[in-house]
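Take a look at the structure below.
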Amino acid sequence: MTHLNSAVKLLDRAAEKFNDKIAISDEWSEISFSELQRKGKAVGTALAKTTPQGYMPAPVMVYLKKSISCLVCFMGAMYSANPYVPTAYDMPANRIQKIVDSLQGRGHIITDAQGMETLKTMNIPESMSIHIYEEIVETETDGELIEKTLNSVIDTDPIYIMFTSGSTGAPKGVTVPHRGVIDYAIWVAKTFNINENSILGNQAPFYFDNSIFDIYSCLLTGAKMVIIPETLFMFPVKLPEFVRDNDITTIFWVPTVMINVANSGVLSEIELPKLKNVVFCGEVMPNTQLNIWRKYLPECMYVNMYVAMICGEVLPPQLLQKLRDAGCQKIYNLYGPTEISDVCTYYIVDRPFKDSDSLPIGKACENMRIIILNEKNEIAKTNEQGEICVIGTGVSLGYWNNPEITQKAFIQNPVNPYYEERIYRTGDLAYVNDEGLIIYLGRMDNQVKVKGNRIELGEIENAAMCVGGVKGACAVFDEKNQKIVLFIESCEAFRLRKLNLELKKYIPNYMLPGDLVVMEKFPHTANDKIDRVTLKKSLG
């Protein structure tokens with residue numbers, strides 16, 4: 001592939017090659033690659049004409065319900081040489097306000113009549129241009145303006161600003177360059193064999209970086225993306241039927257959704273002959289529910305097309321062995337934070353793992369480099385624990401309008417005194433084993449000391465998931481009472497003493513939780529991950 005300065009040129013190529021082939025569908029309509037290009041350029045023209053002159057881009061906040069319209073706006077932002085800022089109606093109003101505040105009155109907001117009513121209750125600076133989607137999408141395209149504007153882009157310019165939770169309570173705007181997304185799309189298409197015949201079933205919200213997998217691999221390859229109606233995820237029994245009826249070949253869902261589908265029992269009643277890639281990421285997938293998927297989707301297993309992707313979490317060895325027993329020959333363990341265009345390391349599991357083994361997150365993806373820094377800011381020796389640091393095109397540009405936090409996380413490589421080399425400090429702990437593979441240990445802020453013992457909370461969670469009847473586990477440290485509290489998700493009655501007797505099979509006594517909270521269902525974030533902040537706040 002020749003050099004691309006902007007990811008929207010992936011759409012230009014797809015529109016030329018595939019023309020009227022459907023690119024995206026949602027519950028209301030569908031759109032072809034050529035029509036997506038036409039509407040994107042119309043929005044881009046309107047934005048370019050109203051963008052303040054100057055070197056710096058003007059962010060385009062898209063405040064619409066999840067739909068094709070959002071994707072049109074994302075394309076329009078890129079055609080106008082501006083980064084897009086994905087948001088949604090299900091975001092709390094105070095979070096939207098904080099995002100607007102972070103943009104400091106620069107840029108655009110695209111919304112509709114419903115969104116406008118909410119925006120009227122907020123403090124929106126007069127300097128921000130507010131556009132009604134139905135109006136700007138009908139703008140007459142100025143081809144000369146679009147070409148001029150698009151040619152001004154370089155691949156290190158930001159493609160989007162994705163706001164993620166910050167420790168101070170204010171969301172941080174992760175600013176990602178075009179080159180990182182283009183490289184990632186190429187890697188995804190090659191690794192998962194995405195092509196023009198593929199159909200991806202999108203679950204991730206557009207303000208969640210997992211959506212990059214779906215959007216840009218489709219633009220690159222001519223595959224179709226089906227936006228699954230959000231309401232269906234409240235009725236998991238209906239999801240497989242939707243997958244079947246839409247001939248979906250690849251799903252990239254968070255484990256919570258897959259667990260709900262498995263627990264519904266629907267997989268025993270339906271056939272999914274077209275589904276080849278089942279990809280999940282973000283949290284640990286429990287063995288019980290994964291085995292249900294394995295039992296009723298044997299073709300996904302035995303044709304070597306089942307792909308298990310666990311991003312940034314430790315895969316339980318028991319789950320791994322069951323996948324291999326089922327005939328999986330390609331199992332991928334991936335890792336990457338939002339600041340790294342989604343993924344930066346991968347490991348192809350090529351052998352069985354015992355319960356006592358650690359599953360590697362492997363080595364760096366293409367055009368990326370990983371170094372492990374110890375407490376002295378030196379390259380950690382083999383088997384020495386340190387912080388994962390990332391170098392490469394996938395590294396984000398930093399946090400929008402937040403230089404102080406950016407300077408702490410994105411630093412000069414301390415082991416390179418010869419030239420400027422920027423790295424991202426992930427805050428994740430790992431070590432390199434004797435085989436040269438990276439072993440993920442957990443978050444630095446999830447590492448606690450109890451009575452002088454250093455403890456990884458993730459290790460306690462993994463042990464809890466080995467106990468029968470436990471569907472979910474989350475360990476937190478109660479600073480006030482200096483003890484570990486284990487939250488478990490289960491419909492069964494558990495007592496701390498009985499549970500600890502089971503946990504002793506997997507972890508030493510000093511790691512046993514000091515308190516236990518049993519819940520039928522954990523609270524979850526908008527991305528469907530366990531809401532650890534809410535659980536910790538419940539301790540008082």
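Identifiers in the structure tokens: chain A, B, ... in order shown; residue index from 1 per chain; ligand index from 1 in order shown.
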
List as an MDAnalysis selection string the protein and nucleic acid residues near A:Asn82, meaning an atom at most 12 Å away when only C-alpha atoms are counted, but skip any in the same chain fewer than 6 places from it. chainID A and resid 6:8 43:45 47:48 50:52 54:61 73:76 106:108 146 149:150 152:154 157:161 175 177:178

Return as a list in words the full set of residues in stretch 166-242 of chain A whose backbone-based DSSP assignment is alpha helix (DSSP H).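 Of stretch 166-242 of chain A, the ones in alpha helix (DSSP H) are His178, Arg179, Gly180, Val181, Ile182, Asp183, Tyr184, Ala185, Ile186, Trp187, Val188, Ala189, Lys190, Thr191, Ser211, Ile212, Phe213, Asp214, Ile215, Tyr216, Ser217, Cys218, Leu219, Leu220, Thr221, Leu239, Pro240, Glu241 and Phe242 of chain A.
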
Near-A:Ala473 list (7 Å; only C-alpha atoms; drop same-chain fewer than 5 positions) as a list in words: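 With the cut-off at 7 Å, the set is Glu461, Ala464, Met465, Phe487, Ile488 and Glu489 of chain A.
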
Take the residues from that selection and write them out as a tab-separated table (two decimals), in the first residue's frame, keeping C-alpha atoms.
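The resulting file, part.tsv, is reproduced below:
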```tsv
chain	number	residue	atom	x	y	z
A	461	GLU	CA	-9.41	-12.19	40.68
A	464	ALA	CA	-11.59	-16.50	42.24
A	465	MET	CA	-12.66	-17.27	38.67
A	487	PHE	CA	-16.47	-8.65	45.02
A	488	ILE	CA	-17.86	-11.71	43.27
A	489	GLU	CA	-20.75	-12.03	40.87
```

Could you list, as a ChimeraX atom specification, every residue within 6 Å of stretch 248-262 of chain A, counting only C-alpha atoms and ignoring same-chain residues fewer than 2 positions away? /A:198-201,203,236,243,246,264-265,274-281,285,289,292

Please return, as a VMD selection string, all residues of stretch 179-216 of chain A that DSSP assigns to strand (DSSP E or B) on the basis of the backbone. chain A and resid 199 to 202

For the residues selected in the previous step, produce a file with N, CA and C atoms as a PDB file, in the first residue's frame.
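Listing of part09.pdb after writing:
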```pdb
ATOM      1  N   ILE A 199     -18.333  -9.636   7.017  1.00  0.00           N
ATOM      2  CA  ILE A 199     -19.368  -8.783   7.600  1.00  0.00           C
ATOM      3  C   ILE A 199     -19.111  -8.730   9.098  1.00  0.00           C
ATOM      4  N   LEU A 200     -18.854  -7.528   9.608  1.00  0.00           N
ATOM      5  CA  LEU A 200     -18.510  -7.352  11.014  1.00  0.00           C
ATOM      6  C   LEU A 200     -19.724  -6.849  11.786  1.00  0.00           C
ATOM      7  N   GLY A 201     -20.017  -7.494  12.908  1.00  0.00           N
ATOM      8  CA  GLY A 201     -21.124  -7.081  13.768  1.00  0.00           C
ATOM      9  C   GLY A 201     -20.628  -6.175  14.872  1.00  0.00           C
ATOM     10  N   ASN A 202     -20.829  -4.873  14.720  1.00  0.00           N
ATOM     11  CA  ASN A 202     -20.279  -3.882  15.654  1.00  0.00           C
ATOM     12  C   ASN A 202     -21.076  -3.804  16.948  1.00  0.00           C
TER      13      ASN A 202
END
```

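Put simply, atom CA of A:Phe206 is 27.5 Å away from atom CA of A:Val266.
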
Contacts of A:Ser490 within 6 Å, only C-alpha atoms, excl. fewer than 4 positions in-chain, as number ranges by chain: A: 470-471, 520
